[in-house]
$ cat data_3.cif   # mmCIF, C-alpha atoms
data_run
loop_
_atom_site.label_atom_id
_atom_site.label_comp_id
_atom_site.auth_asym_id
_atom_site.auth_seq_id
_atom_site.Cartn_x
_atom_site.Cartn_y
_atom_site.Cartn_z
CA MET O 1 -13.27 -14.62 23.55
CA LYS O 2 -10.56 -11.96 23.16
CA LYS O 3 -9.26 -13.71 19.99
CA ILE O 4 -12.74 -13.73 18.49
CA ILE O 5 -13.20 -10.01 19.10
CA ILE O 6 -9.79 -9.24 17.59
CA SER O 7 -10.62 -11.47 14.59
CA ILE O 8 -13.95 -9.69 14.08
CA ILE O 9 -12.28 -6.27 14.30
CA LEU O 10 -9.63 -7.34 11.76
CA LEU O 11 -12.29 -8.73 9.44
CA ILE O 12 -14.35 -5.54 9.63
CA THR O 13 -11.22 -3.44 9.03
CA MET O 14 -10.29 -5.50 5.97
CA LEU O 15 -13.82 -5.23 4.59
CA LEU O 16 -13.80 -1.46 5.08
CA ILE O 17 -10.47 -1.21 3.30
CA ILE O 18 -11.78 -3.27 0.39
CA ILE O 19 -15.03 -1.29 0.19
CA PHE O 20 -13.38 2.12 0.53
CA LYS O 21 -10.12 1.34 -1.29
CA ASN O 22 -10.44 4.15 -3.84
CA ASP O 23 -11.50 6.67 -1.18
CA ILE O 24 -8.46 5.74 0.91
CA LEU O 25 -6.16 5.89 -2.11
CA ARG O 26 -7.56 9.30 -3.06
CA LEU O 27 -6.45 10.60 0.32
CA ILE O 28 -2.94 9.31 -0.36
CA TYR O 29 -2.98 10.31 -4.04
CA PRO O 30 -4.84 13.63 -4.13
CA LYS O 31 -5.44 15.87 -7.11
CA LYS O 32 -4.44 19.15 -5.54
CA TYR O 33 -4.18 22.05 -7.97
CA ASN O 34 -6.58 20.10 -10.19
CA GLU O 35 -7.83 23.08 -12.18
CA THR O 36 -4.30 24.27 -12.96
CA VAL O 37 -3.07 20.78 -13.84
CA VAL O 38 -6.04 20.12 -16.13
CA THR O 39 -5.62 23.50 -17.84
CA TYR O 40 -1.99 22.87 -18.77
CA SER O 41 -2.55 19.17 -19.36
CA GLU O 42 -5.04 20.06 -22.06
CA LYS O 43 -2.99 22.98 -23.39
CA TYR O 44 0.15 20.87 -23.86
CA ASN O 45 -1.56 17.51 -24.47
CA VAL O 46 0.03 15.71 -21.51
CA ASP O 47 -2.04 13.23 -19.48
CA SER O 48 -3.09 14.99 -16.26
CA ASN O 49 -2.55 11.77 -14.31
CA LEU O 50 1.10 11.80 -15.38
CA ILE O 51 1.45 15.39 -14.19
CA PHE O 52 -0.12 14.49 -10.84
CA ALA O 53 2.27 11.53 -10.54
CA VAL O 54 5.25 13.81 -11.22
CA ILE O 55 4.07 16.34 -8.64
CA LYS O 56 3.35 13.59 -6.09
CA THR O 57 6.83 12.13 -6.50
CA GLU O 58 8.72 15.41 -6.86
CA SER O 59 7.18 17.47 -4.05
CA ASP O 60 4.23 15.59 -2.55
CA PHE O 61 2.24 18.74 -3.42
CA ASP O 62 4.40 21.03 -1.26
CA GLN O 63 4.70 24.19 -3.37
CA GLN O 64 7.50 25.59 -1.21
CA VAL O 65 9.88 22.62 -1.47
CA LYS O 66 13.43 23.16 -2.68
CA SER O 67 15.90 20.36 -3.26
CA ASN O 68 19.53 20.38 -2.22
CA LYS O 69 20.37 20.35 -5.96
CA GLY O 70 18.42 23.54 -6.62
CA ALA O 71 15.12 22.19 -7.95
CA ILE O 72 12.16 24.35 -6.95
CA GLY O 73 8.43 24.00 -6.36
CA LEU O 74 5.75 21.46 -7.13
CA MET O 75 7.38 19.97 -10.22
CA GLN O 76 10.92 20.53 -8.90
CA LEU O 77 12.21 22.64 -11.76
CA MET O 78 15.77 23.80 -12.11
CA LYS O 79 16.16 27.54 -12.66
CA GLN O 80 17.96 27.04 -15.97
CA THR O 81 15.20 24.78 -17.29
CA ALA O 82 12.57 27.35 -16.34
CA ILE O 83 14.58 30.15 -17.98
CA GLU O 84 14.77 28.12 -21.20
CA ILE O 85 11.09 27.06 -21.23
CA ALA O 86 9.45 30.34 -20.12
CA PRO O 87 9.92 32.22 -23.42
CA THR O 88 8.45 29.31 -25.38
CA ILE O 89 5.16 29.79 -23.50
CA ASP O 90 5.23 33.59 -23.57
CA LEU O 91 6.21 33.96 -19.92
CA GLU O 92 8.55 36.81 -19.13
CA ILE O 93 10.41 36.10 -15.92
CA SER O 94 13.60 37.87 -15.01
CA GLU O 95 16.49 35.71 -13.83
CA ASN O 96 16.53 37.41 -10.42
CA LYS O 97 12.81 36.55 -9.90
CA ILE O 98 12.85 32.99 -11.23
CA GLU O 99 13.11 31.25 -7.85
CA GLU O 100 10.27 33.30 -6.40
CA LYS O 101 8.09 32.66 -9.46
CA LEU O 102 8.76 28.90 -9.45
CA LEU O 103 7.21 28.73 -5.99
CA GLU O 104 3.89 29.84 -7.52
CA PRO O 105 1.86 26.73 -8.43
CA GLU O 106 0.39 28.23 -11.63
CA ILE O 107 3.80 29.14 -13.05
CA ASN O 108 5.53 25.97 -11.86
CA ILE O 109 2.87 23.67 -13.32
CA ASN O 110 2.76 25.65 -16.57
CA ILE O 111 6.52 25.47 -17.10
CA GLY O 112 6.84 21.91 -15.78
CA THR O 113 4.08 20.56 -17.98
CA LYS O 114 5.49 22.29 -21.06
CA TYR O 115 8.92 20.87 -20.27
CA LEU O 116 7.47 17.38 -19.84
CA GLN O 117 5.61 17.77 -23.13
CA LYS O 118 8.85 18.71 -24.91
CA LEU O 119 10.57 15.63 -23.46
CA LEU O 120 7.67 13.37 -24.46
CA GLU O 121 7.84 14.78 -27.99
CA LYS O 122 11.61 14.44 -28.19
CA TYR O 123 11.81 10.86 -26.94
CA ASN O 124 8.33 9.62 -27.90
CA ASN O 125 8.47 7.42 -24.80
CA THR O 126 7.20 8.10 -21.29
CA GLU O 127 9.93 6.17 -19.47
CA ILE O 128 12.73 7.91 -21.34
CA ALA O 129 11.06 11.32 -21.01
CA LEU O 130 10.81 10.84 -17.24
CA THR O 131 14.43 9.72 -17.13
CA ALA O 132 15.43 12.94 -18.91
CA TYR O 133 13.19 15.00 -16.62
CA ASN O 134 15.26 13.74 -13.68
CA ALA O 135 18.75 13.13 -15.09
CA GLY O 136 18.82 15.68 -17.90
CA THR O 137 18.64 15.29 -21.66
CA GLY O 138 22.41 15.32 -22.05
CA ASN O 139 22.80 12.23 -19.87
CA VAL O 140 19.89 10.43 -21.52
CA ASP O 141 21.11 11.18 -25.05
CA LYS O 142 24.57 9.92 -24.10
CA TRP O 143 23.18 6.73 -22.50
CA ILE O 144 21.08 5.97 -25.57
CA GLU O 145 23.98 6.70 -27.92
CA GLN O 146 26.31 4.48 -25.88
CA GLU O 147 23.58 1.81 -25.69
CA VAL O 148 23.48 1.92 -21.91
CA ILE O 149 19.69 2.15 -22.23
CA LYS O 150 17.34 1.58 -25.14
CA SER O 151 15.34 4.42 -26.65
CA ASP O 152 12.15 2.39 -26.18
CA GLY O 153 12.50 2.53 -22.37
CA SER O 154 12.37 -1.24 -22.02
CA ASP O 155 15.49 -1.41 -19.88
CA ILE O 156 15.08 1.64 -17.68
CA GLU O 157 16.50 -0.28 -14.72
CA LYS O 158 19.92 0.03 -16.44
CA VAL O 159 20.01 3.80 -15.94
CA PRO O 160 23.40 4.47 -14.32
CA PHE O 161 21.94 6.81 -11.70
CA LYS O 162 20.17 4.66 -9.08
CA GLU O 163 18.17 7.68 -7.93
CA THR O 164 16.87 8.24 -11.46
CA SER O 165 15.96 4.59 -11.97
CA LYS O 166 14.05 4.60 -8.68
CA TYR O 167 12.46 7.95 -9.56
CA VAL O 168 11.13 6.71 -12.90
CA ARG O 169 9.71 3.53 -11.39
CA CYS O 170 8.07 5.55 -8.62
CA ILE O 171 6.39 7.94 -11.05
CA LEU O 172 5.22 5.09 -13.27
CA ARG O 173 3.73 3.35 -10.22
CA ASP O 174 2.00 6.55 -9.11
CA TYR O 175 0.83 7.19 -12.68
CA ARG O 176 -0.85 3.77 -12.78
CA ILE O 177 -2.46 4.41 -9.40
CA TYR O 178 -3.79 7.79 -10.50
CA GLN O 179 -5.20 6.18 -13.65
CA GLU O 180 -6.81 3.39 -11.65
CA ILE O 181 -8.48 5.48 -8.96
CA TYR O 182 -9.58 8.46 -11.05
CA GLU O 183 -10.74 6.87 -14.29
#
$ encode --input "data_3.cif" --output "structure tokens"
Amino acid sequence: MKKIIISIILLITMLLIIIFKNDILRLIYPKKYNETVVTYSEKYNVDSNLIFAVIKTESDFDQQVKSNKGAIGLMQLMKQTAIEIAPTIDLEISENKIEEKLLEPEININIGTKYLQKLLEKYNNTEIALTAYNAGTGNVDKWIEQEVIKSDGSDIEKVPFKETSKYVRCILRDYRIYQEIYE
């Protein structure tokens, strides 16, 4: 009798998971800061689901997060990247205020999305753009030039930095999930 009850409970649980799959996934893959993400997604012509995937992977939507390498905020931006991008979007941020400003979701998402857009334009490939977002354009340009990786992103697993290879695969997985559950 106990086995039957356990079997029924498991069956009901599995049915609930199947029925409410997207609702469950939306709890795991939220669209926090949706208005801000959509605004800059449209402004810079970057798929909002890709931006959400980057934020999910980079900070899990924790606006206060700082990495041990110096990346800051939702989209984990380096100060130098933000300093370079800010003037291109008419943002005036002094160097001594950059860290504080990068903790503000609006500013972080604005700069991060513009930076991602520049990488997507430069490489014309999502996998390579994400690789550059994590490892830097200098590394990516060198790897492509030395034929360590292909410019079409088809061999992204060959990226010399294991962390970057894992990072790109994680964002691409999350990107597909966001596309699946929200479209």
$ residues_around --input "data_3.cif" --residues "Phe61 of chain O" --least-positions-apart "5" --cutoff "7 Å" --atoms "all atoms listed in the file" --output "mmCIF file with C-alpha atoms, in the frame of the given file"
data_model
loop_
_atom_site.group_PDB
_atom_site.id
_atom_site.type_symbol
_atom_site.label_atom_id
_atom_site.label_comp_id
_atom_site.auth_asym_id
_atom_site.auth_seq_id
_atom_site.Cartn_x
_atom_site.Cartn_y
_atom_site.Cartn_z
ATOM 1 C CA ILE O 55 4.070 16.340 -8.640
ATOM 2 C CA LYS O 56 3.350 13.590 -6.090
ATOM 3 C CA LEU O 74 5.750 21.460 -7.130
#
$ closest_residue --input "data_3.cif" --among "O:Tyr182, O:Phe20, O:Tyr40, O:Tyr33" --to "Glu104 of chain O" --atoms "all atoms listed in the file"
O:Tyr33
$ closest_atom_pairs --input "data_3.cif" --of "segment 43-122 of chain O" --to "segment 167-176 of chain O" --cutoff "8 Å" --atoms "only C-alpha atoms" --output "JSON lines"
{"residue": "O:Asn49", "atom": "CA", "partner": "O:Tyr175", "partner_atom": "CA", "distance": 5.9}
{"residue": "O:Leu50", "atom": "CA", "partner": "O:Tyr175", "partner_atom": "CA", "distance": 5.3}
{"residue": "O:Phe52", "atom": "CA", "partner": "O:Tyr175", "partner_atom": "CA", "distance": 7.6}
{"residue": "O:Ala53", "atom": "CA", "partner": "O:Tyr175", "partner_atom": "CA", "distance": 5.0}
{"residue": "O:Val54", "atom": "CA", "partner": "O:Ile171", "partner_atom": "CA", "distance": 6.0}
{"residue": "O:Lys56", "atom": "CA", "partner": "O:Asp174", "partner_atom": "CA", "distance": 7.8}
{"residue": "O:Thr57", "atom": "CA", "partner": "O:Ile171", "partner_atom": "CA", "distance": 6.2}
$ atom_distance --input "data_3.cif" --atom1 "atom CA of Ala82 of chain O" --atom2 "atom CA of Pro30 of chain O"
25.3 Å
$ atom_distance --input "data_3.cif" --atom1 "atom CA of Gly136 of chain O" --atom2 "atom CA of Ile89 of chain O"
20.4 Å
$ atom_distance --input "data_3.cif" --atom1 "atom CA of Val46 of chain O" --atom2 "atom CA of Gln146 of chain O"
28.9 Å
$ closest_residue --input "data_3.cif" --among "O:Arg26, O:Lys118, O:Lys32, O:Lys101" --to "Asn45 of chain O" --atoms "all atoms listed in the file"
O:Lys118
$ closest_residue --input "data_3.cif" --among "O:Asn125, O:Asn34, O:Thr88, O:Thr113" --to "Ile156 of chain O" --atoms "only C-alpha atoms"
O:Asn125
$ resolve_selection --input "data_3.cif" --expression "the PyMOL selection byres ((chain O and resi 144) around 12)" --output "PyMOL selection string"
chain O and resi 123+128+131-132+137-143+145-156+158-160
$ closest_residue --input "data_3.cif" --among "O:Leu15, O:Ser94, O:Gly112, O:Ile28" --to "Met78 of chain O" --atoms "all atoms listed in the file"
O:Gly112
$ residues_around --input "data_3.cif" --residues "Ile98 of chain O" --least-positions-apart "2" --cutoff "12 Å" --atoms "all atoms listed in the file" --output "list in words"
Gly70, Ala71, Ile72, Gly73, Leu77, Met78, Lys79, Gln80, Thr81, Ala82, Ile83, Glu84, Ile85, Ala86, Leu91, Glu92, Ile93, Ser94, Glu95, Asn96, Glu100, Lys101, Leu102, Leu103, Glu104, Ile107, Asn108 and Ile111 of chain O
$ decode --input "data_3.cif" --residues "segment 67-116 of chain O" --atoms "N, CA and C atoms" --output "compact mmCIF listing (two decimals), in the first residue's frame"
# COMPACT_ATOMS: atom_id res chain seq x y z
N SER O 67 32.95 40.79 -8.94
CA SER O 67 33.79 39.60 -9.09
C SER O 67 35.17 39.86 -8.49
N ASN O 68 35.90 38.79 -8.27
CA ASN O 68 37.26 38.93 -7.75
C ASN O 68 38.21 39.50 -8.82
N LYS O 69 37.74 39.59 -10.07
CA LYS O 69 38.56 40.18 -11.13
C LYS O 69 38.19 41.64 -11.40
N GLY O 70 37.20 42.14 -10.65
CA GLY O 70 36.86 43.55 -10.78
C GLY O 70 35.61 43.85 -11.60
N ALA O 71 34.92 42.82 -12.08
CA ALA O 71 33.69 43.05 -12.84
C ALA O 71 32.57 43.44 -11.87
N ILE O 72 31.70 44.33 -12.32
CA ILE O 72 30.73 44.95 -11.41
C ILE O 72 29.31 44.89 -11.97
N GLY O 73 28.36 44.59 -11.08
CA GLY O 73 26.94 44.74 -11.37
C GLY O 73 26.31 43.62 -12.17
N LEU O 74 25.10 43.88 -12.62
CA LEU O 74 24.27 42.88 -13.28
C LEU O 74 24.95 42.22 -14.47
N MET O 75 25.58 43.01 -15.33
CA MET O 75 26.21 42.47 -16.52
C MET O 75 27.72 42.30 -16.36
N GLN O 76 28.18 42.43 -15.10
CA GLN O 76 29.58 42.21 -14.75
C GLN O 76 30.54 42.93 -15.68
N LEU O 77 30.48 44.24 -15.64
CA LEU O 77 31.31 45.08 -16.49
C LEU O 77 32.60 45.48 -15.78
N MET O 78 33.66 45.47 -16.53
CA MET O 78 34.93 45.98 -16.03
C MET O 78 34.88 47.51 -16.10
N LYS O 79 35.54 48.16 -15.15
CA LYS O 79 35.54 49.63 -15.13
C LYS O 79 36.04 50.20 -16.45
N GLN O 80 37.13 49.66 -16.97
CA GLN O 80 37.72 50.19 -18.19
C GLN O 80 36.76 50.08 -19.38
N THR O 81 36.04 48.97 -19.45
CA THR O 81 35.05 48.80 -20.52
C THR O 81 33.98 49.87 -20.40
N ALA O 82 33.49 50.08 -19.19
CA ALA O 82 32.44 51.08 -18.97
C ALA O 82 32.94 52.48 -19.31
N ILE O 83 34.17 52.78 -18.95
CA ILE O 83 34.76 54.09 -19.26
C ILE O 83 34.85 54.30 -20.77
N GLU O 84 35.16 53.24 -21.51
CA GLU O 84 35.26 53.34 -22.96
C GLU O 84 33.89 53.44 -23.63
N ILE O 85 32.90 52.72 -23.11
CA ILE O 85 31.58 52.68 -23.74
C ILE O 85 30.74 53.91 -23.38
N ALA O 86 30.83 54.38 -22.16
CA ALA O 86 29.95 55.47 -21.68
C ALA O 86 29.89 56.67 -22.63
N PRO O 87 31.00 57.20 -23.11
CA PRO O 87 30.91 58.36 -24.00
C PRO O 87 30.20 58.07 -25.32
N THR O 88 30.22 56.83 -25.76
CA THR O 88 29.57 56.48 -27.03
C THR O 88 28.05 56.48 -26.90
N ILE O 89 27.55 56.50 -25.67
CA ILE O 89 26.10 56.54 -25.44
C ILE O 89 25.71 57.79 -24.66
N ASP O 90 26.58 58.79 -24.74
CA ASP O 90 26.34 60.09 -24.11
C ASP O 90 26.14 60.01 -22.60
N LEU O 91 26.89 59.13 -21.97
CA LEU O 91 26.88 59.04 -20.50
C LEU O 91 28.17 59.66 -19.99
N GLU O 92 28.03 60.62 -19.12
CA GLU O 92 29.22 61.21 -18.50
C GLU O 92 29.35 60.65 -17.09
N ILE O 93 30.38 59.84 -16.91
CA ILE O 93 30.63 59.24 -15.60
C ILE O 93 32.10 59.45 -15.28
N SER O 94 32.37 60.07 -14.16
CA SER O 94 33.76 60.29 -13.78
C SER O 94 34.37 58.97 -13.33
N GLU O 95 35.68 58.85 -13.53
CA GLU O 95 36.37 57.61 -13.19
C GLU O 95 36.22 57.26 -11.71
N ASN O 96 36.17 58.26 -10.85
CA ASN O 96 36.06 57.96 -9.41
C ASN O 96 34.63 57.56 -9.01
N LYS O 97 33.66 57.69 -9.91
CA LYS O 97 32.27 57.30 -9.62
C LYS O 97 31.83 56.06 -10.40
N ILE O 98 32.73 55.53 -11.23
CA ILE O 98 32.32 54.46 -12.14
C ILE O 98 31.82 53.21 -11.41
N GLU O 99 32.51 52.81 -10.36
CA GLU O 99 32.09 51.62 -9.63
C GLU O 99 30.70 51.81 -9.03
N GLU O 100 30.48 52.92 -8.41
CA GLU O 100 29.17 53.24 -7.83
C GLU O 100 28.08 53.24 -8.90
N LYS O 101 28.36 53.84 -10.04
CA LYS O 101 27.37 53.93 -11.11
C LYS O 101 27.07 52.57 -11.73
N LEU O 102 28.08 51.70 -11.82
CA LEU O 102 27.87 50.38 -12.41
C LEU O 102 26.99 49.48 -11.54
N LEU O 103 26.79 49.87 -10.30
CA LEU O 103 25.89 49.11 -9.43
C LEU O 103 24.42 49.50 -9.65
N GLU O 104 24.21 50.56 -10.43
CA GLU O 104 22.84 50.98 -10.76
C GLU O 104 22.38 50.19 -11.99
N PRO O 105 21.27 49.43 -11.85
CA PRO O 105 20.81 48.59 -12.95
C PRO O 105 20.64 49.32 -14.28
N GLU O 106 20.06 50.50 -14.26
CA GLU O 106 19.82 51.26 -15.51
C GLU O 106 21.13 51.52 -16.25
N ILE O 107 22.12 51.98 -15.53
CA ILE O 107 23.41 52.31 -16.15
C ILE O 107 24.15 51.04 -16.57
N ASN O 108 24.15 50.04 -15.73
CA ASN O 108 24.84 48.79 -16.03
C ASN O 108 24.25 48.13 -17.28
N ILE O 109 22.93 48.05 -17.35
CA ILE O 109 22.28 47.41 -18.49
C ILE O 109 22.48 48.23 -19.76
N ASN O 110 22.44 49.54 -19.64
CA ASN O 110 22.67 50.42 -20.78
C ASN O 110 24.07 50.18 -21.35
N ILE O 111 25.07 50.28 -20.51
CA ILE O 111 26.46 50.11 -20.97
C ILE O 111 26.71 48.68 -21.43
N GLY O 112 26.24 47.71 -20.66
CA GLY O 112 26.46 46.31 -21.01
C GLY O 112 25.82 45.92 -22.33
N THR O 113 24.62 46.41 -22.57
CA THR O 113 23.93 46.08 -23.82
C THR O 113 24.63 46.75 -25.00
N LYS O 114 25.05 47.99 -24.82
CA LYS O 114 25.79 48.67 -25.89
C LYS O 114 27.09 47.93 -26.19
N TYR O 115 27.78 47.51 -25.15
CA TYR O 115 29.04 46.77 -25.34
C TYR O 115 28.77 45.46 -26.09
N LEU O 116 27.74 44.75 -25.69
CA LEU O 116 27.39 43.50 -26.36
C LEU O 116 27.04 43.76 -27.83
